[in-house]
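Text of target.csv (CSV, C-alpha atoms) as supplied:
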```csv
chain,number,residue,atom,x,y,z
I,1,MET,CA,218.2,253.7,15.6
I,2,LYS,CA,218.2,251.8,12.4
I,3,PRO,CA,216.8,248.3,12.6
I,4,GLY,CA,220.0,246.7,11.3
I,5,VAL,CA,222.2,248.3,13.9
I,6,TYR,CA,219.7,247.4,16.6
I,7,SER,CA,219.6,243.7,15.6
I,8,ALA,CA,223.4,243.6,15.3
I,9,LEU,CA,223.7,245.0,18.8
I,10,ALA,CA,221.1,242.7,20.1
I,11,LEU,CA,222.9,239.7,18.6
I,12,ALA,CA,226.2,240.8,20.1
I,13,LEU,CA,224.6,241.3,23.5
I,14,ALA,CA,222.9,237.9,23.2
I,15,LEU,CA,226.2,236.2,22.3
I,16,ALA,CA,227.9,237.9,25.2
I,17,CYS,CA,225.1,237.1,27.7
I,18,HIS,CA,225.1,233.5,26.5
I,19,TYR,CA,228.1,232.9,28.6
I,20,ARG,CA,227.5,233.0,32.3
I,21,ARG,CA,230.0,235.6,33.3
I,22,SER,CA,229.6,238.0,30.5
I,23,VAL,CA,228.2,241.0,32.3
I,24,VAL,CA,230.4,241.5,35.4
I,25,PRO,CA,233.7,239.6,36.0
I,26,GLU,CA,233.0,239.6,39.7
I,27,ILE,CA,230.2,237.1,39.1
I,28,PHE,CA,232.9,234.6,37.9
I,29,GLU,CA,234.7,235.0,41.2
I,30,LYS,CA,231.5,234.6,43.1
I,31,SER,CA,230.8,231.4,41.2
I,32,LEU,CA,234.2,230.0,42.3
I,33,ARG,CA,233.5,231.0,45.9
I,34,ALA,CA,230.1,229.5,45.8
I,35,PHE,CA,231.6,226.4,44.3
I,36,LEU,CA,234.2,226.1,47.0
I,37,ILE,CA,231.7,226.8,49.8
I,38,GLY,CA,229.1,224.3,48.5
I,39,TYR,CA,231.5,221.7,47.1
I,40,PRO,CA,231.1,219.0,49.8
I,41,LYS,CA,227.4,218.8,49.0
I,42,ARG,CA,228.2,217.4,45.6
I,43,CYS,CA,229.3,214.2,47.2
I,44,PRO,CA,227.1,211.0,47.1
I,45,PRO,CA,224.2,210.4,49.5
I,46,VAL,CA,224.7,209.7,53.1
I,47,SER,CA,222.5,208.6,56.0
I,48,HIS,CA,221.6,211.5,58.4
I,49,SER,CA,225.0,213.1,58.5
I,50,SER,CA,223.7,215.4,61.2
I,51,ILE,CA,223.3,212.5,63.6
I,52,ALA,CA,226.2,210.3,62.4
I,53,ARG,CA,228.7,213.1,62.0
I,54,ALA,CA,231.6,212.9,64.5
I,55,GLU,CA,232.9,216.0,66.2
I,56,GLY,CA,235.8,217.7,64.4
I,57,GLU,CA,235.2,215.9,61.2
I,58,SER,CA,234.9,217.9,58.0
I,59,VAL,CA,231.7,217.9,56.1
I,60,GLY,CA,233.3,216.4,53.0
I,61,GLU,CA,234.7,213.4,54.9
I,62,SER,CA,231.5,212.5,56.6
I,63,LEU,CA,229.6,212.8,53.4
I,64,GLU,CA,232.0,210.4,51.7
I,65,LYS,CA,231.3,207.7,54.2
I,66,MET,CA,228.4,206.4,52.0
I,67,ALA,CA,230.4,206.4,48.8
I,68,SER,CA,229.4,202.8,48.2
I,69,GLY,CA,226.0,203.9,46.9
I,70,PHE,CA,223.9,201.6,49.1
I,71,LEU,CA,221.0,203.2,50.8
I,72,THR,CA,220.3,202.9,54.5
I,73,HIS,CA,217.0,201.8,55.9
I,74,GLN,CA,216.1,205.4,56.9
I,75,GLN,CA,216.9,206.7,53.4
I,76,LYS,CA,214.7,204.0,51.8
I,77,VAL,CA,211.8,204.9,54.1
I,78,LEU,CA,212.2,208.6,53.4
I,79,ARG,CA,212.2,208.0,49.7
I,80,LEU,CA,209.1,205.8,49.9
I,81,TYR,CA,207.4,208.6,51.9
I,82,LYS,CA,208.2,211.2,49.3
I,83,LYS,CA,207.2,209.0,46.4
I,84,ALA,CA,203.9,208.1,48.1
I,85,LEU,CA,203.1,211.8,48.9
I,86,ARG,CA,203.8,212.8,45.3
I,87,HIS,CA,201.6,210.1,43.8
I,88,LEU,CA,198.9,210.9,46.4
I,89,GLU,CA,199.1,214.5,45.2
I,90,SER,CA,198.5,213.3,41.7
I,91,TRP,CA,195.5,211.3,42.8
I,92,CYS,CA,193.9,213.9,45.1
I,93,ILE,CA,194.1,217.0,43.0
I,94,PHE,CA,192.1,219.2,45.4
I,95,ARG,CA,194.4,220.6,48.1
I,96,ASP,CA,192.2,220.1,51.1
I,97,LYS,CA,191.5,216.5,50.2
I,98,TYR,CA,195.2,215.9,49.6
I,99,ARG,CA,196.1,217.5,53.0
I,100,PHE,CA,193.7,215.1,54.7
I,101,TYR,CA,195.0,212.0,53.1
I,102,ALA,CA,198.6,213.2,53.5
I,103,CYS,CA,198.1,213.5,57.2
I,104,MET,CA,196.6,210.0,57.4
I,105,LEU,CA,199.7,208.7,55.5
I,106,ARG,CA,202.0,210.6,57.9
I,107,ALA,CA,200.2,209.0,60.8
I,108,ARG,CA,200.7,205.6,59.4
I,109,PHE,CA,204.4,206.2,59.0
I,110,ASP,CA,204.6,207.8,62.5
I,111,GLU,CA,203.0,204.9,64.4
I,112,ASN,CA,205.7,202.5,63.2
I,113,LYS,CA,208.7,204.8,63.2
I,114,ASP,CA,210.1,203.5,66.6
I,115,GLU,CA,210.4,199.9,65.5
I,116,LYS,CA,213.7,198.6,66.8
I,117,ASP,CA,213.5,195.1,65.2
I,118,MET,CA,215.2,195.6,61.8
I,119,VAL,CA,213.8,192.4,60.3
I,120,LYS,CA,210.3,193.6,61.0
I,121,ALA,CA,211.1,197.1,59.9
I,122,THR,CA,212.5,195.7,56.6
I,123,MET,CA,209.4,193.6,56.1
I,124,MET,CA,207.2,196.6,56.7
I,125,LEU,CA,209.2,198.6,54.2
I,126,LYS,CA,208.8,195.9,51.6
I,127,SER,CA,205.0,195.7,52.1
I,128,GLY,CA,205.0,199.5,51.9
I,129,GLU,CA,206.8,199.5,48.6
I,130,GLU,CA,204.4,196.8,47.3
I,131,GLU,CA,201.4,198.9,48.4
I,132,PHE,CA,202.9,201.9,46.7
I,133,TRP,CA,203.3,200.0,43.5
I,134,ALA,CA,199.7,198.8,43.6
I,135,ASN,CA,198.4,202.3,44.3
I,136,GLN,CA,200.6,204.4,42.2
I,137,HIS,CA,199.2,207.0,39.7
I,138,PRO,CA,199.4,206.0,36.0
I,139,GLN,CA,200.5,209.6,35.0
I,140,PRO,CA,201.9,211.2,38.1
I,141,TYR,CA,202.8,214.9,38.2
I,142,ILE,CA,206.4,215.2,37.1
I,143,PHE,CA,208.1,218.6,37.4
I,144,PRO,CA,209.0,220.1,34.0
I,145,ASP,CA,212.7,220.0,34.6
I,146,SER,CA,212.8,216.5,36.1
I,147,PRO,CA,213.5,213.4,34.0
I,148,GLY,CA,210.2,212.5,32.2
I,149,GLY,CA,209.0,216.1,32.5
I,150,THR,CA,208.1,218.4,29.6
I,151,SER,CA,211.1,220.7,29.8
I,152,TYR,CA,213.7,218.0,30.7
I,153,GLU,CA,216.9,218.7,28.8
I,154,ARG,CA,215.0,221.1,26.5
I,155,TYR,CA,217.9,223.6,26.6
I,156,GLU,CA,220.7,221.1,26.5
I,157,CYS,CA,221.4,221.9,22.8
I,158,PHE,CA,221.9,225.6,23.6
I,159,LYS,CA,224.4,225.0,26.3
I,160,VAL,CA,227.8,225.9,24.9
I,161,PRO,CA,231.0,224.8,26.7
I,162,ASP,CA,233.4,227.6,27.8
I,163,TRP,CA,236.3,226.6,25.5
I,164,CYS,CA,234.3,228.2,22.6
I,165,LEU,CA,235.2,231.5,24.0
I,166,ASP,CA,238.8,230.9,23.1
I,167,TYR,CA,237.7,230.6,19.4
I,168,TRP,CA,236.2,234.1,19.3
I,169,HIS,CA,237.8,236.4,16.7
I,170,PRO,CA,240.1,239.1,18.2
I,171,THR,CA,237.8,241.8,17.1
I,172,GLU,CA,235.0,240.1,19.0
I,173,LYS,CA,237.2,239.6,22.0
I,174,ALA,CA,238.1,243.3,21.9
I,175,MET,CA,234.5,244.1,22.7
I,176,TYR,CA,235.0,242.7,26.2
I,177,PRO,CA,238.7,243.4,27.0
I,178,ASP,CA,238.5,243.2,30.8
I,179,TYR,CA,236.4,240.0,30.8
I,180,PHE,CA,238.9,238.2,28.6
I,181,ALA,CA,241.9,239.6,30.6
I,182,LYS,CA,240.3,238.1,33.7
I,183,ARG,CA,239.7,234.9,31.8
I,184,GLU,CA,243.4,234.6,31.1
I,185,GLN,CA,244.1,234.9,34.8
I,186,TRP,CA,241.6,232.1,35.5
I,187,LYS,CA,243.2,229.9,32.9
I,188,LYS,CA,246.6,230.4,34.4
I,189,LEU,CA,245.2,229.4,37.7
I,190,ARG,CA,243.7,226.3,36.1
I,191,ASP,CA,247.0,225.4,34.5
I,192,GLN,CA,248.8,225.8,37.9
I,193,SER,CA,246.4,223.6,39.8
I,194,TRP,CA,245.8,220.9,37.2
I,195,ASP,CA,248.8,218.7,38.1
I,196,ARG,CA,247.9,218.8,41.8
I,197,GLU,CA,244.3,217.9,41.0
I,198,VAL,CA,245.3,214.9,38.8
I,199,LYS,CA,247.7,213.8,41.5
I,200,GLN,CA,245.0,214.0,44.2
I,201,LEU,CA,242.6,212.0,42.0
I,202,GLN,CA,245.3,209.3,41.3
I,203,VAL,CA,246.0,209.0,45.0
I,204,GLU,CA,242.4,208.8,46.0
I,205,THR,CA,241.1,206.4,43.3
I,206,PRO,CA,240.8,203.0,44.9
I,207,VAL,CA,242.8,200.1,43.4
I,208,ASP,CA,239.7,198.0,42.6
I,209,GLY,CA,238.0,200.7,40.8
I,210,LEU,CA,235.7,203.7,41.5
I,211,LYS,CA,232.7,203.1,43.6
I,212,THR,CA,231.0,206.4,42.7
I,213,GLU,CA,231.3,209.1,40.2
I,214,ALA,CA,231.4,211.9,42.8
I,215,LEU,CA,234.5,213.9,43.1
I,216,PRO,CA,236.4,214.2,46.4
I,217,PRO,CA,236.8,217.7,47.9
I,218,ALA,CA,240.1,219.5,48.2
I,219,ARG,CA,242.3,217.9,51.0
I,220,LYS,CA,245.1,220.5,51.5
I,221,GLU,CA,244.9,224.1,52.5
I,222,GLY,CA,244.9,226.4,49.5
I,223,ASP,CA,244.3,223.6,47.1
I,224,LEU,CA,241.4,223.7,44.6
I,225,PRO,CA,239.0,220.8,44.4
I,226,PRO,CA,239.7,218.3,41.5
I,227,LEU,CA,238.1,219.2,38.1
I,228,TRP,CA,236.8,222.5,39.5
I,229,TRP,CA,237.1,224.2,36.1
I,230,GLN,CA,234.4,222.0,34.6
I,231,TYR,CA,232.0,222.9,37.4
I,232,VAL,CA,232.8,226.6,37.6
I,233,THR,CA,232.5,227.2,33.9
I,234,ARG,CA,229.4,225.0,33.4
I,235,PRO,CA,226.8,226.7,31.2
I,236,ARG,CA,223.7,228.2,32.7
I,237,GLU,CA,220.6,226.2,33.4
I,238,ARG,CA,218.6,228.4,31.0
I,239,PRO,CA,221.1,229.5,28.3
I,240,MET,CA,220.0,232.9,27.0
G,1,MET,CA,203.3,237.2,39.9
G,2,ALA,CA,203.1,235.6,36.4
G,3,SER,CA,199.8,237.3,35.8
G,4,ARG,CA,201.3,240.7,36.6
G,5,VAL,CA,204.1,240.1,34.0
G,6,LEU,CA,201.5,239.0,31.4
G,7,VAL,CA,199.4,242.0,32.0
G,8,GLN,CA,202.4,244.3,31.5
G,9,CYS,CA,203.2,242.4,28.3
G,10,VAL,CA,199.6,242.8,27.1
G,11,ARG,CA,199.6,246.5,27.9
G,12,SER,CA,202.8,247.2,26.1
G,13,PHE,CA,201.7,245.0,23.2
G,14,THR,CA,198.4,246.9,22.8
G,15,GLN,CA,200.2,250.3,22.9
G,16,PRO,CA,201.5,250.1,19.3
G,17,SER,CA,198.1,248.9,18.1
G,18,ALA,CA,196.5,251.7,20.0
G,19,ARG,CA,198.8,254.1,18.3
G,20,VAL,CA,197.8,252.7,14.9
G,21,ILE,CA,194.1,253.1,15.9
G,22,PHE,CA,194.6,256.7,17.0
G,23,GLU,CA,196.5,257.4,13.8
G,24,ASN,CA,193.5,256.1,11.7
G,25,ILE,CA,191.1,258.1,13.8
G,26,THR,CA,193.0,261.3,13.5
G,27,ALA,CA,193.3,260.8,9.7
G,28,ARG,CA,189.6,260.3,9.4
G,29,ALA,CA,188.8,263.2,11.6
G,30,SER,CA,191.0,265.5,9.6
G,31,ALA,CA,189.5,264.2,6.4
G,32,VAL,CA,185.9,264.9,7.4
G,33,PRO,CA,185.7,268.1,9.5
G,34,VAL,CA,182.2,268.7,10.9
G,35,ALA,CA,181.2,272.2,11.9
G,36,ASN,CA,179.3,271.5,15.1
G,37,GLN,CA,181.8,268.9,16.2
G,38,ARG,CA,184.9,270.9,15.3
G,39,HIS,CA,185.5,271.9,18.9
G,40,PHE,CA,185.1,268.4,20.1
G,41,SER,CA,187.2,266.9,17.4
G,42,PHE,CA,189.9,269.5,17.8
G,43,ASN,CA,190.1,268.6,21.5
G,44,ALA,CA,190.0,264.9,20.7
G,45,CYS,CA,192.6,265.5,18.0
G,46,SER,CA,194.9,267.3,20.4
G,47,GLN,CA,194.3,264.6,23.0
G,48,ARG,CA,195.1,261.9,20.6
G,49,LYS,CA,198.1,263.8,19.3
G,50,ALA,CA,199.3,264.1,22.8
G,51,LEU,CA,198.7,260.4,23.3
G,52,THR,CA,200.4,259.5,20.0
G,53,SER,CA,203.4,261.7,20.9
G,54,HIS,CA,203.5,259.9,24.2
G,55,THR,CA,203.5,256.5,22.6
G,56,LYS,CA,205.7,257.4,19.7
G,57,VAL,CA,208.7,257.6,22.1
G,58,SER,CA,208.4,253.9,23.0
G,59,SER,CA,207.0,252.6,19.7
G,60,PRO,CA,210.1,251.8,17.7
G,61,LEU,CA,211.4,249.6,20.6
G,62,ALA,CA,207.9,248.2,21.1
G,63,GLN,CA,207.7,247.3,17.4
G,64,LEU,CA,211.2,245.7,17.2
G,65,CYS,CA,211.5,243.8,20.5
G,66,ARG,CA,209.4,240.7,21.0
G,67,GLN,CA,207.9,240.2,24.4
G,68,TYR,CA,207.8,236.8,26.2
G,69,GLY,CA,206.1,235.8,29.4
G,70,ASP,CA,208.3,234.6,32.2
G,71,LEU,CA,208.7,234.6,35.9
G,72,PRO,CA,210.4,237.6,37.5
G,73,PRO,CA,214.1,236.9,37.9
G,74,LEU,CA,215.2,235.3,41.2
G,75,THR,CA,217.6,237.1,43.5
G,76,LEU,CA,219.2,235.7,46.7
G,77,ASP,CA,217.0,238.0,48.8
G,78,THR,CA,213.7,236.9,47.2
G,79,ILE,CA,214.7,233.2,47.5
G,80,ARG,CA,215.5,233.7,51.1
G,81,GLU,CA,212.3,235.5,51.8
G,82,ARG,CA,210.2,232.8,50.0
G,83,VAL,CA,212.0,230.0,51.8
G,84,LEU,CA,211.5,231.6,55.2
G,85,TYR,CA,207.8,232.4,54.3
G,86,VAL,CA,207.1,228.8,53.5
G,87,LEU,CA,208.8,227.6,56.6
G,88,LYS,CA,206.8,230.0,58.7
G,89,LEU,CA,203.6,228.6,57.2
G,90,TYR,CA,204.6,225.1,58.4
G,91,ASP,CA,202.7,224.6,61.6
G,92,LYS,CA,205.4,222.4,63.3
G,93,ILE,CA,207.9,225.3,63.2
G,94,ASN,CA,207.8,228.1,65.8
G,95,PRO,CA,208.2,231.3,63.7
G,96,GLU,CA,210.0,233.1,66.5
G,97,LYS,CA,212.7,230.4,66.7
G,98,LEU,CA,213.3,230.3,63.0
G,99,THR,CA,216.5,231.9,61.7
G,100,GLY,CA,218.6,231.4,58.6
G,101,ALA,CA,220.9,229.0,60.3
G,102,SER,CA,218.5,227.0,62.5
G,103,HIS,CA,218.9,223.3,62.0
G,104,PHE,CA,215.7,221.5,61.4
G,105,ILE,CA,216.5,218.5,63.5
G,106,LYS,CA,218.7,219.9,66.2
G,107,ASP,CA,217.3,223.4,66.8
G,108,LEU,CA,213.7,223.2,65.7
G,109,GLY,CA,213.1,219.6,66.9
G,110,LEU,CA,211.7,218.2,63.7
G,111,ASP,CA,211.7,214.7,62.3
G,112,SER,CA,213.3,213.4,59.2
G,113,LEU,CA,209.8,212.9,57.7
G,114,ASP,CA,209.2,216.6,58.5
G,115,GLN,CA,212.4,217.5,56.6
G,116,VAL,CA,211.1,215.5,53.6
G,117,GLU,CA,207.8,217.5,53.8
G,118,ILE,CA,209.7,220.8,54.0
G,119,ILE,CA,211.8,219.9,51.0
G,120,MET,CA,208.6,219.0,49.1
G,121,ALA,CA,207.1,222.3,50.0
G,122,MET,CA,210.3,224.0,48.6
G,123,GLU,CA,209.9,222.0,45.4
G,124,ASP,CA,206.3,223.2,45.1
G,125,GLU,CA,207.3,226.7,45.8
G,126,PHE,CA,210.1,227.0,43.3
G,127,GLY,CA,208.7,224.6,40.7
G,128,PHE,CA,211.6,222.2,40.2
G,129,GLU,CA,212.5,218.9,41.8
G,130,ILE,CA,215.2,218.5,44.4
G,131,PRO,CA,216.7,215.0,44.0
G,132,ASP,CA,216.6,212.7,47.0
G,133,ALA,CA,220.4,212.4,47.3
G,134,GLU,CA,220.8,216.1,47.7
G,135,ALA,CA,217.6,216.7,49.5
G,136,GLU,CA,218.5,214.7,52.6
G,137,LYS,CA,221.5,216.9,53.2
G,138,LEU,CA,219.7,220.2,53.3
G,139,MET,CA,219.2,220.8,57.0
G,140,THR,CA,219.0,224.5,57.4
G,141,PRO,CA,217.2,227.3,55.6
G,142,GLN,CA,220.5,228.8,54.5
G,143,GLU,CA,221.6,225.5,52.9
G,144,ILE,CA,218.3,225.4,51.0
G,145,VAL,CA,218.8,229.0,49.8
G,146,GLN,CA,222.3,228.1,48.6
G,147,PHE,CA,221.1,225.0,46.9
G,148,ILE,CA,218.3,226.8,45.0
G,149,ALA,CA,220.7,229.6,44.1
G,150,ASP,CA,223.2,227.0,42.8
G,151,LYS,CA,220.6,225.3,40.7
G,152,LYS,CA,219.0,228.4,39.3
G,153,ASP,CA,222.3,230.3,38.7
G,154,VAL,CA,221.4,233.2,40.9
G,155,TYR,CA,224.5,235.4,41.5
G,156,GLU,CA,226.1,232.0,40.7
```
Would you mind writing the structure in this file as structure tokens?
Amino acid sequence: MKPGVYSALALALALACHYRRSVVPEIFEKSLRAFLIGYPKRCPPVSHSSIARAEGESVGESLEKMASGFLTHQQKVLRLYKKALRHLESWCIFRDKYRFYACMLRARFDENKDEKDMVKATMMLKSGEEEFWANQHPQPYIFPDSPGGTSYERYECFKVPDWCLDYWHPTEKAMYPDYFAKREQWKKLRDQSWDREVKQLQVETPVDGLKTEALPPARKEGDLPPLWWQYVTRPRERPM
Amino acid sequence: MASRVLVQCVRSFTQPSARVIFENITARASAVPVANQRHFSFNACSQRKALTSHTKVSSPLAQLCRQYGDLPPLTLDTIRERVLYVLKLYDKINPEKLTGASHFIKDLGLDSLDQVEIIMAMEDEFGFEIPDAEAEKLMTPQEIVQFIADKKDVYE
């Protein structure tokens, strides 16, 4: 194969693979299914829904209880525990030493976990946060993809939105006829459900203003969640 | 796993260079034939020719495509295997009772602090952070697998 042909093919393949659903159209359907199955989990944080959830309540509704954005005491304690363990891991780099001090920390959390007096518990949480602040690591280990990490938003500039596909030249589109045919069907579906999504959002937005940026799940049978298109056609985490 | 990928990359990288070395050696051997070593060099030549013919098949591609090191691609099955493996390593969980849908707090009798530790173990295993807001909702291994597949675009 001549080098020019190969590189042109590679470029075409790279362009095609850049978009999430280039190889097999079924993947696009699976993404919608995965989206619809996992959608309630996109809602804002909630205190232990497993304990607080009433019988016969949908997951989305129970998860929307904490739409105010305030954390419960339990959530604050758990976040402090996680932060403390991560900074402890940065201090004690050898695993056996870390394990030992992590167990000691866990024992300290466990001995006070049955405190019923909320005032005392809040004071303990406050002193715990202060102790964490005093003992934190100056350069804790941050995962590469987390905010502050080395690879955070590194590939943001390569993430192309899906509407660019509509600007492809017809000869380019002709290279993937079945994919673009399927895409037209999805766009029809989007146009059909758009008015209902907007109406649902208008109905559900509180009069005072939004408390959270999270989107509500679909309420009616056979309805799609609001602004589903943005989520389903989001670019890959690692654009090719 | 990463070391295996890197070794493969190195092996395929050295193949074209090996081909170049063999070509040089064969050129030199043909340029300077020695009587008492002819038998040996002929054998060596034929061996090297066989080797070069073997490598010539892959060399155009090896020359043109650049190789990068990366983790092996994730699939739903491998994610599930790894999640269950990490959970079985945790000593507060009974491995016989562990299934894909077993709830940490209701079925396995763990604490919310244990759930935090499990999520941290998952973060260490897969190498990316799970934010607190979403971590406190992951209560079964199946949910964890779904979340990781969602984040990493595995079968989307």
With the cut-off set at 9 Å and counting all atoms listed in the file, tabulate each residue of chain G with an atom at most that distance from an atom of chain I, showing the nearest atom pair and its distance in Å to one decimal, ordered by chain and increasing number, as a Markdown table.
```
| residue | atom | partner | partner_atom | distance |
| --- | --- | --- | --- | --- |
| G:Pro60 | CA | I:Met1 | CA | 8.6 |
| G:Leu64 | CA | I:Pro3 | CA | 7.7 |
| G:Ile105 | CA | I:Ser50 | CA | 8.2 |
| G:Lys106 | CA | I:Ser50 | CA | 8.4 |
| G:Ser112 | CA | I:Leu78 | CA | 7.6 |
| G:Leu113 | CA | I:Leu78 | CA | 6.5 |
| G:Val116 | CA | I:Lys82 | CA | 6.7 |
| G:Glu117 | CA | I:Lys82 | CA | 7.8 |
| G:Met120 | CA | I:Lys82 | CA | 7.8 |
| G:Glu123 | CA | I:Phe143 | CA | 8.9 |
| G:Gly127 | CA | I:Phe143 | CA | 6.9 |
| G:Phe128 | CA | I:Phe143 | CA | 5.7 |
| G:Glu129 | CA | I:Ser146 | CA | 6.2 |
| G:Ile130 | CA | I:Ser146 | CA | 8.9 |
| G:Pro131 | CA | I:Ser146 | CA | 8.9 |
| G:Asp132 | CA | I:Arg79 | CA | 7.0 |
| G:Ala133 | CA | I:Pro45 | CA | 4.8 |
| G:Glu134 | CA | I:Pro45 | CA | 6.9 |
| G:Glu136 | CA | I:His48 | CA | 7.3 |
| G:Lys137 | CA | I:Ser49 | CA | 7.4 |
| G:Leu138 | CA | I:Lys41 | CA | 8.9 |
| G:Met139 | CA | I:Ser50 | CA | 8.2 |
| G:Glu143 | CA | I:Gly38 | CA | 8.8 |
| G:Gln146 | CA | I:Gly38 | CA | 7.8 |
| G:Phe147 | CA | I:Gly38 | CA | 8.2 |
| G:Asp150 | CA | I:Ala34 | CA | 7.9 |
| G:Lys151 | CA | I:Glu237 | CA | 7.4 |
| G:Lys152 | CA | I:Glu237 | CA | 6.5 |
| G:Asp153 | CA | I:Arg236 | CA | 6.5 |
| G:Tyr155 | CA | I:Ile27 | CA | 6.4 |
| G:Glu156 | CA | I:Ser31 | CA | 4.8 |
```
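Atom to atom, CA of Asp178 (chain I) and CA of Glu197 (chain I) stand 27.9 Å apart.
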Atom pair CA of Ser102 (chain G) / CA of Thr140 (chain G): separation (Å): 5.7 Å
Within 10 Å of Trp229 (chain I), counting all atoms listed in the file, which residues show up once you throw out same-chain ones fewer than 6 positions away? Write them as a VMD selection string, please. chain I and resid 32 162 186 to 187 189 to 190 194
I'd like the contact shell of Ser193 (chain I) - 10 Å cut-off, only C-alpha atoms, skipping same-chain residues fewer than 2 positions apart - returned as a PyMOL selection string. chain I and resi 187-191+195-198+223-228
Enter the distance from CA of Tyr176 (chain I) to CA of Leu76 (chain G), in Å, rounded to one decimal. 26.8 Å
Model the absent atoms of region 188-193 of chain I so that all heavy atoms are present, and write the result as a PDB file, keeping the file's coordinate frame.
```
ATOM      1  N   LYS I 188     245.324 230.666  33.796  1.00  0.00           N
ATOM      2  CA  LYS I 188     246.600 230.400  34.400  1.00  0.00           C
ATOM      3  C   LYS I 188     246.476 229.659  35.702  1.00  0.00           C
ATOM      4  O   LYS I 188     247.222 228.710  35.983  1.00  0.00           O
ATOM      5  CB  LYS I 188     247.312 231.779  34.697  1.00  0.00           C
ATOM      6  CG  LYS I 188     248.287 232.205  33.637  1.00  0.00           C
ATOM      7  CD  LYS I 188     249.074 233.424  34.091  1.00  0.00           C
ATOM      8  CE  LYS I 188     248.883 234.511  33.052  1.00  0.00           C
ATOM      9  NZ  LYS I 188     249.181 235.849  33.514  1.00  0.00           N
ATOM     10  N   LEU I 189     245.476 230.062  36.491  1.00  0.00           N
ATOM     11  CA  LEU I 189     245.200 229.400  37.700  1.00  0.00           C
ATOM     12  C   LEU I 189     244.876 227.914  37.486  1.00  0.00           C
ATOM     13  O   LEU I 189     245.331 227.002  38.200  1.00  0.00           O
ATOM     14  CB  LEU I 189     244.034 230.066  38.453  1.00  0.00           C
ATOM     15  CG  LEU I 189     243.606 229.517  39.791  1.00  0.00           C
ATOM     16  CD1 LEU I 189     244.701 229.642  40.798  1.00  0.00           C
ATOM     17  CD2 LEU I 189     242.371 230.241  40.280  1.00  0.00           C
ATOM     18  N   ARG I 190     244.083 227.672  36.449  1.00  0.00           N
ATOM     19  CA  ARG I 190     243.700 226.300  36.100  1.00  0.00           C
ATOM     20  C   ARG I 190     244.953 225.485  35.752  1.00  0.00           C
ATOM     21  O   ARG I 190     245.120 224.346  36.180  1.00  0.00           O
ATOM     22  CB  ARG I 190     242.742 226.322  34.931  1.00  0.00           C
ATOM     23  CG  ARG I 190     242.387 224.950  34.402  1.00  0.00           C
ATOM     24  CD  ARG I 190     241.618 225.037  33.118  1.00  0.00           C
ATOM     25  NE  ARG I 190     242.408 225.607  32.039  1.00  0.00           N
ATOM     26  CZ  ARG I 190     241.977 225.722  30.784  1.00  0.00           C
ATOM     27  NH1 ARG I 190     240.765 225.323  30.473  1.00  0.00           N
ATOM     28  NH2 ARG I 190     242.724 226.255  29.866  1.00  0.00           N
ATOM     29  N   ASP I 191     245.846 226.089  34.946  1.00  0.00           N
ATOM     30  CA  ASP I 191     247.000 225.400  34.500  1.00  0.00           C
ATOM     31  C   ASP I 191     247.924 225.032  35.744  1.00  0.00           C
ATOM     32  O   ASP I 191     248.523 223.959  35.820  1.00  0.00           O
ATOM     33  CB  ASP I 191     247.855 226.183  33.531  1.00  0.00           C
ATOM     34  CG  ASP I 191     247.072 226.372  32.236  1.00  0.00           C
ATOM     35  OD1 ASP I 191     246.278 225.470  31.910  1.00  0.00           O
ATOM     36  OD2 ASP I 191     247.242 227.411  31.588  1.00  0.00           O
ATOM     37  N   GLN I 192     247.976 225.997  36.699  1.00  0.00           N
ATOM     38  CA  GLN I 192     248.800 225.800  37.900  1.00  0.00           C
ATOM     39  C   GLN I 192     248.285 224.616  38.715  1.00  0.00           C
ATOM     40  O   GLN I 192     249.028 223.792  39.227  1.00  0.00           O
ATOM     41  CB  GLN I 192     248.891 227.004  38.740  1.00  0.00           C
ATOM     42  CG  GLN I 192     249.833 228.045  38.235  1.00  0.00           C
ATOM     43  CD  GLN I 192     249.555 229.381  38.908  1.00  0.00           C
ATOM     44  OE1 GLN I 192     248.815 229.433  39.891  1.00  0.00           O
ATOM     45  NE2 GLN I 192     250.128 230.431  38.389  1.00  0.00           N
ATOM     46  N   SER I 193     246.961 224.584  38.881  1.00  0.00           N
ATOM     47  CA  SER I 193     246.400 223.600  39.800  1.00  0.00           C
ATOM     48  C   SER I 193     246.114 222.262  39.187  1.00  0.00           C
ATOM     49  O   SER I 193     245.755 221.312  39.873  1.00  0.00           O
ATOM     50  CB  SER I 193     245.129 224.164  40.456  1.00  0.00           C
ATOM     51  OG  SER I 193     244.064 224.039  39.552  1.00  0.00           O
TER      52      SER I 193
END
```
